[in-house]
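Colleague: To be precise about what I am sending: the file is called model.cif and holds mmCIF, C-alpha atoms and all ligand atoms.
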data_my_file
#
loop_
_atom_site.group_PDB
_atom_site.id
_atom_site.type_symbol
_atom_site.label_atom_id
_atom_site.label_comp_id
_atom_site.auth_asym_id
_atom_site.auth_seq_id
_atom_site.Cartn_x
_atom_site.Cartn_y
_atom_site.Cartn_z
ATOM 1 C CA MET A 1 36.677 2.599 13.911
ATOM 2 C CA HIS A 2 36.645 3.098 10.152
ATOM 3 C CA LEU A 3 33.224 3.118 8.585
ATOM 4 C CA ARG A 4 34.537 2.365 5.121
ATOM 5 C CA ALA A 5 36.238 -0.831 6.190
ATOM 6 C CA GLU A 6 33.106 -1.957 7.989
ATOM 7 C CA ALA A 7 30.903 -1.177 5.019
ATOM 8 C CA ASP A 8 33.227 -2.958 2.555
ATOM 9 C CA ASN A 9 33.181 -6.071 4.712
ATOM 10 C CA ALA A 10 29.430 -6.067 4.839
ATOM 11 C CA GLY A 11 28.819 -5.435 1.118
ATOM 12 C CA LYS A 12 29.969 -8.533 -0.703
ATOM 13 C CA SER A 13 28.408 -7.591 -4.032
ATOM 14 C CA TYR A 14 26.501 -4.666 -5.417
ATOM 15 C CA ARG A 15 23.394 -6.839 -5.513
ATOM 16 C CA ASP A 16 23.758 -7.347 -1.763
ATOM 17 C CA LEU A 17 23.964 -3.588 -1.351
ATOM 18 C CA GLU A 18 20.814 -3.031 -3.395
ATOM 19 C CA HIS A 19 18.997 -5.611 -1.306
ATOM 20 C CA LEU A 20 20.194 -4.032 1.925
ATOM 21 C CA PHE A 21 19.402 -0.521 0.667
ATOM 22 C CA VAL A 22 15.796 -1.374 -0.222
ATOM 23 C CA LEU A 23 15.101 -3.235 3.019
ATOM 24 C CA ALA A 24 16.801 -0.643 5.230
ATOM 25 C CA ASN A 25 14.769 2.170 3.702
ATOM 26 C CA LEU A 26 11.589 0.114 3.915
ATOM 27 C CA GLU A 27 12.299 -0.469 7.609
ATOM 28 C CA PHE A 28 12.827 3.249 8.196
ATOM 29 C CA THR A 29 9.635 4.053 6.278
ATOM 30 C CA LEU A 30 7.578 1.499 8.206
ATOM 31 C CA LEU A 31 8.815 2.779 11.557
ATOM 32 C CA HIS A 32 8.190 6.374 10.451
ATOM 33 C CA GLU A 33 4.578 5.454 9.620
ATOM 34 C CA PHE A 34 4.332 3.666 12.971
ATOM 35 C CA GLY A 35 5.453 6.986 14.444
ATOM 36 C CA HIS A 36 2.369 8.629 12.934
ATOM 37 C CA ALA A 37 0.215 5.751 14.206
ATOM 38 C CA LEU A 38 1.569 6.154 17.761
ATOM 39 C CA ILE A 39 1.078 9.917 17.738
ATOM 40 C CA ASP A 40 -2.454 9.559 16.378
ATOM 41 C CA ASP A 41 -3.836 6.536 18.188
ATOM 42 C CA LEU A 42 -2.045 6.985 21.524
ATOM 43 C CA GLN A 43 -2.531 10.755 21.405
ATOM 44 C CA LEU A 44 1.127 11.375 22.166
ATOM 45 C CA PRO A 45 2.013 14.984 22.954
ATOM 46 C CA VAL A 46 4.053 16.504 20.122
ATOM 47 C CA PHE A 47 5.905 19.786 20.288
ATOM 48 C CA GLY A 48 7.285 20.696 16.890
ATOM 49 C CA MET A 49 6.547 19.153 13.531
ATOM 50 C CA GLU A 50 4.921 15.718 13.508
ATOM 51 C CA GLU A 51 7.057 14.684 10.520
ATOM 52 C CA ASP A 52 10.236 15.384 12.510
ATOM 53 C CA ALA A 53 8.866 13.394 15.435
ATOM 54 C CA ALA A 54 8.031 10.448 13.142
ATOM 55 C CA ASP A 55 11.587 10.482 11.712
ATOM 56 C CA ARG A 56 13.006 10.503 15.228
ATOM 57 C CA ILE A 57 10.791 7.656 16.352
ATOM 58 C CA ALA A 58 11.917 5.683 13.269
ATOM 59 C CA ILE A 59 15.640 6.139 13.913
ATOM 60 C CA ILE A 60 15.403 5.517 17.674
ATOM 61 C CA ALA A 61 13.340 2.380 16.987
ATOM 62 C CA MET A 62 15.799 1.190 14.311
ATOM 63 C CA LEU A 63 18.734 1.676 16.661
ATOM 64 C CA GLY A 64 16.770 -0.052 19.411
ATOM 65 C CA VAL A 65 15.819 -3.197 17.509
ATOM 66 C CA ARG A 66 19.357 -3.521 16.114
ATOM 67 C CA ARG A 67 21.229 -2.833 19.349
ATOM 68 C CA PHE A 68 22.401 -6.432 19.746
ATOM 69 C CA GLU A 69 23.704 -6.762 16.184
ATOM 70 C CA PRO A 70 27.423 -6.550 15.457
ATOM 71 C CA GLU A 71 28.487 -3.101 14.272
ATOM 72 C CA GLN A 72 29.514 -4.315 10.806
ATOM 73 C CA GLN A 73 25.947 -5.495 10.267
ATOM 74 C CA MET A 74 24.148 -2.535 11.811
ATOM 75 C CA ILE A 75 26.169 0.368 10.408
ATOM 76 C CA PRO A 76 25.518 -0.144 6.649
ATOM 77 C CA TRP A 77 21.822 -0.563 7.476
ATOM 78 C CA LEU A 78 21.682 2.892 9.080
ATOM 79 C CA LEU A 79 23.940 4.543 6.529
ATOM 80 C CA ALA A 80 21.668 3.245 3.747
ATOM 81 C CA VAL A 81 18.845 5.366 5.180
ATOM 82 C CA ALA A 82 21.042 8.460 5.356
ATOM 83 C CA THR A 83 22.361 7.793 1.838
ATOM 84 C CA ASP A 84 18.847 7.632 0.455
ATOM 85 C CA TRP A 85 18.014 11.090 1.807
ATOM 86 C CA TYR A 86 21.241 12.518 0.426
ATOM 87 C CA THR A 87 20.609 10.938 -2.980
ATOM 88 C CA GLU A 88 17.039 12.243 -3.070
ATOM 89 C CA TRP A 89 18.407 15.726 -2.449
ATOM 90 C CA GLU A 90 21.089 15.306 -5.107
ATOM 91 C CA LEU A 91 18.471 14.278 -7.653
ATOM 92 C CA ARG A 92 16.228 17.199 -6.810
ATOM 93 C CA ASP A 93 19.194 19.494 -7.292
ATOM 94 C CA ARG A 94 20.145 17.812 -10.557
ATOM 95 C CA LEU A 95 16.653 17.902 -12.001
ATOM 96 C CA ARG A 96 16.259 21.470 -10.740
ATOM 97 C CA THR A 97 12.820 20.646 -9.422
ATOM 98 C CA GLY A 98 13.170 23.211 -6.649
ATOM 99 C CA ALA A 99 12.858 22.699 -2.922
ATOM 100 C CA ALA A 100 9.457 22.702 -1.213
ATOM 101 C CA TYR A 101 10.339 25.031 1.665
ATOM 102 C CA TRP A 102 6.655 25.294 2.599
ATOM 103 C CA ASP A 103 6.190 21.539 3.057
ATOM 104 C CA ASN A 104 5.463 19.913 6.430
ATOM 105 C CA HIS A 105 8.390 17.550 5.751
ATOM 106 C CA ARG A 106 11.907 18.845 6.157
ATOM 107 C CA LEU A 107 14.001 19.096 3.018
ATOM 108 C CA GLU A 108 15.703 15.819 2.110
ATOM 109 C CA ILE A 109 19.113 17.260 2.951
ATOM 110 C CA GLN A 110 17.845 18.212 6.430
ATOM 111 C CA ARG A 111 16.399 14.756 6.968
ATOM 112 C CA PHE A 112 19.811 13.386 5.938
ATOM 113 C CA HIS A 113 21.624 15.496 8.534
ATOM 114 C CA ASN A 114 19.030 14.682 11.208
ATOM 115 C CA VAL A 115 19.451 10.946 10.621
ATOM 116 C CA VAL A 116 23.250 11.187 10.696
ATOM 117 C CA CYS A 117 23.119 13.272 13.896
ATOM 118 C CA LEU A 118 20.959 10.752 15.768
ATOM 119 C CA VAL A 119 23.043 7.816 14.570
ATOM 120 C CA TYR A 120 26.238 9.565 15.684
ATOM 121 C CA GLY A 121 24.625 10.627 18.972
ATOM 122 C CA SER A 122 23.651 7.026 19.751
ATOM 123 C CA ASN A 123 27.319 6.090 20.087
ATOM 124 C CA PRO A 124 29.869 8.835 19.372
ATOM 125 C CA GLU A 125 32.781 6.441 19.887
ATOM 126 C CA VAL A 126 31.629 3.955 17.260
ATOM 127 C CA PHE A 127 30.692 6.681 14.788
ATOM 128 C CA ASP A 128 33.639 9.002 15.455
ATOM 129 C CA ASP A 129 34.543 9.006 11.736
ATOM 130 C CA LEU A 130 31.446 11.106 11.110
ATOM 131 C CA MET A 131 32.428 13.877 13.537
ATOM 132 C CA ASP A 132 33.447 17.209 11.973
ATOM 133 C CA THR A 133 32.895 16.085 8.377
ATOM 134 C CA ARG A 134 30.519 17.225 5.666
ATOM 135 C CA PHE A 135 28.174 14.509 6.946
ATOM 136 C CA LEU A 136 28.134 16.076 10.367
ATOM 137 C CA PRO A 137 29.736 19.473 10.893
ATOM 138 C CA PHE A 138 31.151 20.119 14.331
ATOM 139 C CA GLU A 139 28.557 22.793 15.094
ATOM 140 C CA ARG A 140 25.797 20.168 14.892
ATOM 141 C CA ALA A 141 27.754 17.189 16.185
ATOM 142 C CA VAL A 142 28.313 18.677 19.633
ATOM 143 C CA ASN A 143 24.601 18.405 20.406
ATOM 144 C CA CYS A 144 23.846 15.042 18.809
ATOM 145 C CA GLU A 145 24.292 12.895 21.900
ATOM 146 C CA TYR A 146 21.837 15.171 23.701
ATOM 147 C CA GLU A 147 19.396 14.997 20.761
ATOM 148 C CA TYR A 148 19.625 11.215 20.718
ATOM 149 C CA LYS A 149 19.045 10.880 24.489
ATOM 150 C CA GLN A 150 16.131 13.300 24.361
ATOM 151 C CA ALA A 151 14.426 11.336 21.569
ATOM 152 C CA GLN A 152 15.186 7.999 23.235
ATOM 153 C CA ARG A 153 13.703 9.267 26.515
ATOM 154 C CA ALA A 154 10.547 10.393 24.720
ATOM 155 C CA LEU A 155 10.020 6.991 23.091
ATOM 156 C CA ARG A 156 10.695 5.198 26.392
ATOM 157 C CA TRP A 157 8.137 7.460 28.088
ATOM 158 C CA ALA A 158 5.598 6.578 25.388
ATOM 159 C CA SER A 159 6.092 2.847 25.895
ATOM 160 C CA GLU A 160 5.921 3.195 29.702
ATOM 161 C CA GLN A 161 2.661 5.129 29.407
ATOM 162 C CA HIS A 162 1.131 2.963 26.710
ATOM 163 C CA GLY A 163 2.851 -0.402 27.039
ATOM 164 C CA TYR A 164 1.702 -3.628 28.691
ATOM 165 C CA LYS A 165 2.177 -3.902 32.446
ATOM 166 C CA ALA A 166 3.937 -6.781 34.174
ATOM 167 C CA GLY A 167 1.715 -9.855 34.194
ATOM 168 C CA GLU A 168 -0.307 -8.780 31.148
ATOM 169 C CA THR A 169 -0.051 -10.730 27.918
ATOM 170 C CA PRO A 170 0.599 -8.482 24.916
ATOM 171 C CA ASP A 171 -1.521 -9.006 21.838
ATOM 172 C CA ALA A 172 1.238 -9.847 19.349
ATOM 173 C CA ASP A 173 -1.262 -10.027 16.469
ATOM 174 C CA ARG A 174 -2.575 -6.503 16.976
ATOM 175 C CA VAL A 175 -0.654 -5.406 13.867
ATOM 176 C CA ASN A 176 -1.589 -7.336 10.746
ATOM 177 C CA VAL A 177 0.475 -7.507 7.524
ATOM 178 C CA SER A 178 -1.029 -8.192 4.085
ATOM 179 C CA TYR A 179 0.368 -8.191 0.557
ATOM 180 C CA LYS A 180 -1.611 -7.547 -2.622
ATOM 181 C CA THR A 181 -0.232 -9.336 -5.684
ATOM 182 C CA PRO A 182 2.165 -6.913 -7.396
ATOM 183 C CA ASN A 183 1.075 -6.047 -10.923
ATOM 184 C CA ASN A 184 4.505 -6.193 -12.527
ATOM 185 C CA ALA A 185 7.704 -8.278 -12.482
ATOM 186 C CA LEU A 186 9.719 -5.690 -10.552
ATOM 187 C CA GLY A 187 7.105 -5.569 -7.813
ATOM 188 C CA LYS A 188 7.113 -9.354 -7.606
ATOM 189 C CA MET A 189 10.895 -9.466 -7.265
ATOM 190 C CA LEU A 190 10.850 -6.819 -4.529
ATOM 191 C CA LEU A 191 8.020 -8.557 -2.713
ATOM 192 C CA GLY A 192 10.220 -11.670 -2.744
ATOM 193 C CA TRP A 193 12.992 -9.698 -1.014
ATOM 194 C CA VAL A 194 10.578 -8.330 1.577
ATOM 195 C CA GLN A 195 8.861 -11.617 2.398
ATOM 196 C CA SER A 196 12.018 -13.709 2.535
ATOM 197 C CA SER A 197 13.560 -11.226 4.998
ATOM 198 C CA GLY A 198 10.613 -11.533 7.416
ATOM 199 C CA MET A 199 11.479 -8.006 8.527
ATOM 200 C CA VAL A 200 7.996 -6.498 8.218
ATOM 201 C CA GLU A 201 6.346 -9.232 10.287
ATOM 202 C CA THR A 202 9.076 -8.970 12.924
ATOM 203 C CA ARG A 203 8.722 -5.187 13.249
ATOM 204 C CA ALA A 204 4.911 -5.536 13.332
ATOM 205 C CA ARG A 205 5.153 -8.002 16.241
ATOM 206 C CA GLN A 206 7.665 -5.815 18.085
ATOM 207 C CA MET A 207 5.448 -2.747 17.807
ATOM 208 C CA ALA A 208 2.352 -4.718 18.845
ATOM 209 C CA THR A 209 4.029 -6.100 21.952
ATOM 210 C CA ARG A 210 5.671 -2.823 22.984
ATOM 211 C CA PHE A 211 2.606 -0.571 22.628
ATOM 212 C CA ARG A 212 -0.991 -1.213 23.532
ATOM 213 C CA PHE A 213 -2.720 0.068 20.406
ATOM 214 C CA PRO A 214 -6.374 0.883 21.105
ATOM 215 C CA ARG A 215 -7.466 -0.728 17.815
ATOM 216 C CA PRO A 216 -5.906 -3.216 15.350
ATOM 217 C CA ILE A 217 -3.415 -1.744 12.876
ATOM 218 C CA SER A 218 -2.999 -2.997 9.305
ATOM 219 C CA ILE A 219 0.097 -2.821 7.135
ATOM 220 C CA ASP A 220 -0.957 -3.197 3.493
ATOM 221 C CA PHE A 221 1.439 -3.542 0.573
ATOM 222 C CA GLU A 222 -0.356 -2.237 -2.506
ATOM 223 C CA ASN A 223 -0.043 -1.284 -6.176
ATOM 224 C CA CYS A 224 -0.420 2.506 -6.264
ATOM 225 C CA GLY A 225 0.119 3.329 -9.950
ATOM 226 C CA SER A 226 2.003 6.583 -10.366
ATOM 227 C CA SER A 227 2.470 7.172 -6.637
ATOM 228 C CA SER A 228 5.645 5.867 -4.975
ATOM 229 C CA ASP A 229 4.682 6.542 -1.407
ATOM 230 C CA ALA A 230 3.863 5.155 2.007
ATOM 231 C CA TYR A 231 1.356 6.687 4.399
ATOM 232 C CA TRP A 232 -0.653 6.289 7.594
ATOM 233 C CA HIS A 233 -4.423 6.526 7.129
ATOM 234 C CA GLN A 234 -6.009 7.460 10.445
ATOM 235 C CA PRO A 235 -9.703 6.601 9.708
ATOM 236 C CA THR A 236 -8.872 2.973 8.862
ATOM 237 C CA ALA A 237 -5.748 2.584 11.051
ATOM 238 C CA THR A 238 -3.803 1.440 8.008
ATOM 239 C CA ILE A 239 -0.190 1.853 6.979
ATOM 240 C CA THR A 240 -0.027 1.562 3.186
ATOM 241 C CA VAL A 241 3.275 0.834 1.455
ATOM 242 C CA CYS A 242 3.283 1.116 -2.343
ATOM 243 C CA TYR A 243 5.334 -1.409 -4.310
ATOM 244 C CA GLU A 244 6.304 1.621 -6.391
ATOM 245 C CA LEU A 245 8.116 3.028 -3.335
ATOM 246 C CA LEU A 246 10.226 -0.138 -3.139
ATOM 247 C CA GLY A 247 10.997 0.337 -6.861
ATOM 248 C CA HIS A 248 11.994 3.923 -6.087
ATOM 249 C CA PHE A 249 14.386 2.743 -3.364
ATOM 250 C CA LEU A 250 15.952 0.327 -5.854
ATOM 251 C CA LYS A 251 16.405 3.214 -8.295
ATOM 252 C CA MET A 252 18.085 5.242 -5.554
ATOM 253 C CA ALA A 253 20.372 2.277 -4.833
ATOM 254 C CA LYS A 254 21.340 2.095 -8.525
ATOM 255 C CA TYR A 255 21.932 5.834 -8.840
ATOM 256 C CA PRO A 256 25.615 5.714 -7.901
ATOM 257 C CA LEU A 257 26.429 3.072 -10.545
ATOM 258 C CA ASN A 258 24.650 4.981 -13.288
ATOM 259 C CA ASN A 259 26.135 8.351 -12.306
ATOM 260 C CA PRO A 260 29.628 7.715 -10.952
ATOM 261 C CA ASP A 261 30.857 11.274 -11.553
ATOM 262 C CA ARG A 262 28.024 12.704 -9.512
ATOM 263 C CA ALA A 263 27.970 9.885 -6.998
ATOM 264 C CA CYS A 264 31.614 10.332 -6.084
ATOM 265 C CA GLN A 265 30.654 13.720 -4.679
ATOM 266 C CA ILE A 266 28.112 12.180 -2.282
ATOM 267 C CA PRO A 267 29.946 11.532 0.967
ATOM 268 C CA LEU A 268 28.089 8.451 2.168
ATOM 269 C CA VAL A 269 27.984 6.867 -1.287
ATOM 270 C CA ARG A 270 31.759 7.146 -1.361
ATOM 271 C CA VAL A 271 31.906 5.440 1.997
ATOM 272 C CA TYR A 272 30.244 2.409 0.438
ATOM 273 C CA LEU A 273 31.389 2.464 -3.140
ATOM 274 C CA SER A 274 34.427 4.604 -3.746
ATOM 275 C CA GLU A 275 36.547 1.722 -5.122
ATOM 276 C CA ARG A 276 33.735 0.249 -7.188
ATOM 277 C CA LEU A 277 33.014 3.623 -8.786
ATOM 278 C CA GLY A 278 36.667 4.525 -9.288
ATOM 279 C CA CYS A 279 36.329 7.813 -7.409
ATOM 280 C CA PRO A 280 39.450 9.999 -7.507
ATOM 281 C CA GLU A 281 41.770 9.358 -4.574
ATOM 282 C CA GLU A 282 41.362 12.747 -2.892
ATOM 283 C CA GLN A 283 37.594 12.255 -2.826
ATOM 284 C CA SER A 284 37.716 8.791 -1.378
ATOM 285 C CA LYS A 285 38.958 9.642 2.083
ATOM 286 C CA THR A 286 36.362 8.667 4.621
ATOM 287 C CA GLY A 287 37.206 11.399 7.085
ATOM 288 C CA GLU A 288 37.023 14.423 4.834
ATOM 289 C CA LYS A 289 37.405 16.740 7.776
ATOM 290 C CA MET A 290 36.190 20.279 7.460
ATOM 291 C CA ASP A 291 38.720 23.012 6.791
ATOM 292 C CA ASN A 292 40.564 24.122 9.853
ATOM 293 C CA LYS A 293 38.357 26.589 11.665
ATOM 294 C CA THR A 294 39.286 28.598 14.646
ATOM 295 C CA GLU A 295 37.191 28.078 17.758
ATOM 296 C CA GLN A 296 36.069 31.677 17.396
ATOM 297 C CA GLU A 297 34.652 30.989 13.917
ATOM 298 C CA VAL A 298 32.744 27.975 15.234
ATOM 299 C CA GLU A 299 31.490 30.005 18.157
ATOM 300 C CA GLN A 300 30.077 32.682 15.896
ATOM 301 C CA LYS A 301 27.953 30.181 14.015
ATOM 302 C CA THR A 302 26.453 28.514 17.091
ATOM 303 C CA GLY A 303 23.407 29.359 19.123
ATOM 304 C CA ARG A 304 20.857 31.018 16.838
HETATM 305 ZN ZN ZN B 1 5.318 11.174 7.637
#
Please go through the file and, once you have read it, give me the structure as structure tokens.
Modeller:
Amino acid sequence: MHLRAEADNAGKSYRDLEHLFVLANLEFTLLHEFGHALIDDLQLPVFGMEEDAADRIAIIAMLGVRRFEPEQQMIPWLLAVATDWYTEWELRDRLRTGAAYWDNHRLEIQRFHNVVCLVYGSNPEVFDDLMDTRFLPFERAVNCEYEYKQAQRALRWASEQHGYKAGETPDADRVNVSYKTPNNALGKMLLGWVQSSGMVETRARQMATRFRFPRPISIDFENCGSSSDAYWHQPTATITVCYELLGHFLKMAKYPLNNPDRACQIPLVRVYLSERLGCPEEQSKTGEKMDNKTEQEVEQKTGR
């Protein structure tokens, strides 16, 4: 299957792409924060970094809730999340802000590769265009199906341990969503996108019926001033999403149009937008396979 063809079919106008980009990244963010809520409130065992675990929960949950959608609808949604991480990394590089190697979050470029790996691992046949490309070098790709199954098993275990038993009625209102009035026109427009999609309420209900949270959880959309963030606050069991973060996602979605020369070098942006941006032909090939490597060369790089 060719990802570019699927993405072109799905993206009827750039406005549609911006809309999809913002909502897809909001969905990922929400599910990531739910990951923190699950780890905290259900006391899930975590080996490794909690931020990695929250990213994995988000992608497995996204793939899970979208498993019945046609591929042409689901694929751009997932690639939008990967594209955001790649763009964030590109911008950091461009602005020379330096990488925070000490941070408890992985670098944006690592989060990009982790997302792509799990998406590929969920269905290597559907996503075979990603295999052995700059998106997903062979050395990583060979383990992605295993990584996906491992993460999926962990989330299934969590819902078996902490879900409702047969005959019990889940409390679908355990997760509550509220929206402050945005304090500017951009925030109001983005709130319109969010509310008309109904996505937040749907995900809130799905989480509430799948997991038995020991206390009510709130999702609050707020004005945060200079902070474009989202976070889980353990003492109040609240997931806060700043309208400024939605504005940031919109800026990331616009980045390719404002910087076509740079954007043409971003693999997943080309997948979506190569024709629109007028990227040179040799850069617009979806496959972009890695240089021919001997098996020995691959071998040497594996297993450390
Ligand atoms: Zn986090």
Colleague: Quick one, how far is atom CA of Arg215 of chain A from atom CA of Arg174 of chain A?
Modeller: 7.6 Å
Colleague: Please give me, as a PyMOL selection string, the residues lying within 9 Å of ligand ZN 1 (chain B) when counting all atoms listed in the file.
Modeller: chain A and resi 29+32-33+35-36+50-55+104-105+230-232
Colleague: Could the residues in this selection be written to a file with C-alpha atoms, as a PDB file, in the frame of the given file?
Modeller:
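The resulting selection.pdb:
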ATOM      1  CA  THR A  29       9.635   4.053   6.278  1.00  0.00           C
ATOM      2  CA  HIS A  32       8.190   6.374  10.451  1.00  0.00           C
ATOM      3  CA  GLU A  33       4.578   5.454   9.620  1.00  0.00           C
ATOM      4  CA  GLY A  35       5.453   6.986  14.444  1.00  0.00           C
ATOM      5  CA  HIS A  36       2.369   8.629  12.934  1.00  0.00           C
ATOM      6  CA  GLU A  50       4.921  15.718  13.508  1.00  0.00           C
ATOM      7  CA  GLU A  51       7.057  14.684  10.520  1.00  0.00           C
ATOM      8  CA  ASP A  52      10.236  15.384  12.510  1.00  0.00           C
ATOM      9  CA  ALA A  53       8.866  13.394  15.435  1.00  0.00           C
ATOM     10  CA  ALA A  54       8.031  10.448  13.142  1.00  0.00           C
ATOM     11  CA  ASP A  55      11.587  10.482  11.712  1.00  0.00           C
ATOM     12  CA  ASN A 104       5.463  19.913   6.430  1.00  0.00           C
ATOM     13  CA  HIS A 105       8.390  17.550   5.751  1.00  0.00           C
ATOM     14  CA  ALA A 230       3.863   5.155   2.007  1.00  0.00           C
ATOM     15  CA  TYR A 231       1.356   6.687   4.399  1.00  0.00           C
ATOM     16  CA  TRP A 232      -0.653   6.289   7.594  1.00  0.00           C
TER      17      TRP A 232
END
Colleague: Find the spatial neighbours of segment 155-163 of chain A, counting all atoms listed in the file, within a cut-off of 10 Å - ignore same-chain residues fewer than 4 positions away - and output them as a CSV table (one decimal) with C-alpha atoms, in the coordinates of the input.
Modeller:
chain,number,residue,atom,x,y,z
A,35,GLY,CA,5.5,7.0,14.4
A,38,LEU,CA,1.6,6.2,17.8
A,39,ILE,CA,1.1,9.9,17.7
A,42,LEU,CA,-2.0,7.0,21.5
A,43,GLN,CA,-2.5,10.8,21.4
A,44,LEU,CA,1.1,11.4,22.2
A,45,PRO,CA,2.0,15.0,23.0
A,56,ARG,CA,13.0,10.5,15.2
A,57,ILE,CA,10.8,7.7,16.4
A,60,ILE,CA,15.4,5.5,17.7
A,61,ALA,CA,13.3,2.4,17.0
A,149,LYS,CA,19.0,10.9,24.5
A,150,GLN,CA,16.1,13.3,24.4
A,151,ALA,CA,14.4,11.3,21.6
A,168,GLU,CA,-0.3,-8.8,31.1
A,170,PRO,CA,0.6,-8.5,24.9
A,207,MET,CA,5.4,-2.7,17.8
A,208,ALA,CA,2.4,-4.7,18.8
A,209,THR,CA,4.0,-6.1,22.0
A,210,ARG,CA,5.7,-2.8,23.0
A,211,PHE,CA,2.6,-0.6,22.6
A,212,ARG,CA,-1.0,-1.2,23.5
A,213,PHE,CA,-2.7,0.1,20.4
A,214,PRO,CA,-6.4,0.9,21.1
Colleague: Point out the residue among A:Asp93, A:Leu277, A:Arg153, A:Pro124 with the least atom-to-atom distance to Lys254 of chain A, counting all atoms listed in the file.
Modeller: A:Leu277
Colleague: Which residue gives the smallest distance to Glu88 of chain A among A:Phe138, A:Tyr164, A:Tyr148, A:Tyr255, with all atoms listed in the file counted?
Modeller: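 Looking only at the distances to Glu88 of chain A, the closest residue turns out to be A:Tyr255.
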Colleague: Quick one: distance from atom CA of Glu281 of chain A to atom CA of Leu250 of chain A in Å, one decimal?
Modeller: 27.4 Å
Colleague: Using only C-alpha atoms, which of the listed residues (A:Tyr243, A:Trp77, A:Phe249, A:Tyr120) sits closest to Asn184 of chain A?
Modeller: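 Among the listed residues, A:Tyr243 lies closest to Asn184 of chain A.
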Colleague: I want to know what sits within 12 Å of Val241 of chain A, based on only C-alpha atoms, with residues of the same chain fewer than 4 positions away left out; could you give that as number ranges by chain?
Modeller: A: 25-34, 177-180, 182, 187, 191, 194, 200, 218-224, 227-233, 245-248
Colleague: Just how far from atom CA of Val119 of chain A is atom CA of Ser274 of chain A, in Å to one decimal?
Modeller: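 Value for the atom CA of Ser274 of chain A-atom CA of Val119 of chain A distance: 21.8 Å.
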Colleague: Rebuild segment 27-42 of chain A so that it carries N, CA and C atoms, then output the result as a PDB file, in the coordinates of the input.
Modeller:
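result_23.pdb was written with the following content:
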ATOM      1  N   GLU A  27      12.419  -0.405   6.145  1.00  0.00           N
ATOM      2  CA  GLU A  27      12.299  -0.469   7.609  1.00  0.00           C
ATOM      3  C   GLU A  27      12.123   0.936   8.198  1.00  0.00           C
ATOM      4  N   PHE A  28      12.946   1.873   7.712  1.00  0.00           N
ATOM      5  CA  PHE A  28      12.827   3.249   8.196  1.00  0.00           C
ATOM      6  C   PHE A  28      11.427   3.799   7.902  1.00  0.00           C
ATOM      7  N   THR A  29      10.949   3.549   6.674  1.00  0.00           N
ATOM      8  CA  THR A  29       9.635   4.053   6.278  1.00  0.00           C
ATOM      9  C   THR A  29       8.527   3.468   7.155  1.00  0.00           C
ATOM     10  N   LEU A  30       8.592   2.158   7.363  1.00  0.00           N
ATOM     11  CA  LEU A  30       7.578   1.499   8.206  1.00  0.00           C
ATOM     12  C   LEU A  30       7.561   2.095   9.607  1.00  0.00           C
ATOM     13  N   LEU A  31       8.748   2.268  10.185  1.00  0.00           N
ATOM     14  CA  LEU A  31       8.815   2.779  11.557  1.00  0.00           C
ATOM     15  C   LEU A  31       8.396   4.251  11.608  1.00  0.00           C
ATOM     16  N   HIS A  32       8.670   4.986  10.538  1.00  0.00           N
ATOM     17  CA  HIS A  32       8.190   6.374  10.451  1.00  0.00           C
ATOM     18  C   HIS A  32       6.653   6.388  10.447  1.00  0.00           C
ATOM     19  N   GLU A  33       6.051   5.492   9.663  1.00  0.00           N
ATOM     20  CA  GLU A  33       4.578   5.454   9.620  1.00  0.00           C
ATOM     21  C   GLU A  33       4.021   4.973  10.968  1.00  0.00           C
ATOM     22  N   PHE A  34       4.729   4.058  11.615  1.00  0.00           N
ATOM     23  CA  PHE A  34       4.332   3.666  12.971  1.00  0.00           C
ATOM     24  C   PHE A  34       4.391   4.871  13.902  1.00  0.00           C
ATOM     25  N   GLY A  35       5.369   5.761  13.654  1.00  0.00           N
ATOM     26  CA  GLY A  35       5.453   6.986  14.444  1.00  0.00           C
ATOM     27  C   GLY A  35       4.162   7.781  14.340  1.00  0.00           C
ATOM     28  N   HIS A  36       3.650   7.923  13.117  1.00  0.00           N
ATOM     29  CA  HIS A  36       2.369   8.629  12.934  1.00  0.00           C
ATOM     30  C   HIS A  36       1.244   7.876  13.655  1.00  0.00           C
ATOM     31  N   ALA A  37       1.267   6.548  13.564  1.00  0.00           N
ATOM     32  CA  ALA A  37       0.215   5.751  14.206  1.00  0.00           C
ATOM     33  C   ALA A  37       0.244   5.945  15.726  1.00  0.00           C
ATOM     34  N   LEU A  38       1.441   5.961  16.307  1.00  0.00           N
ATOM     35  CA  LEU A  38       1.569   6.154  17.761  1.00  0.00           C
ATOM     36  C   LEU A  38       1.053   7.536  18.161  1.00  0.00           C
ATOM     37  N   ILE A  39       1.479   8.540  17.409  1.00  0.00           N
ATOM     38  CA  ILE A  39       1.078   9.917  17.738  1.00  0.00           C
ATOM     39  C   ILE A  39      -0.442  10.054  17.649  1.00  0.00           C
ATOM     40  N   ASP A  40      -1.016   9.461  16.624  1.00  0.00           N
ATOM     41  CA  ASP A  40      -2.454   9.559  16.378  1.00  0.00           C
ATOM     42  C   ASP A  40      -3.266   8.735  17.370  1.00  0.00           C
ATOM     43  N   ASP A  41      -2.969   7.451  17.441  1.00  0.00           N
ATOM     44  CA  ASP A  41      -3.836   6.536  18.188  1.00  0.00           C
ATOM     45  C   ASP A  41      -3.567   6.569  19.692  1.00  0.00           C
ATOM     46  N   LEU A  42      -2.339   6.896  20.089  1.00  0.00           N
ATOM     47  CA  LEU A  42      -2.045   6.985  21.524  1.00  0.00           C
ATOM     48  C   LEU A  42      -2.111   8.436  21.998  1.00  0.00           C
TER      49      LEU A  42
END
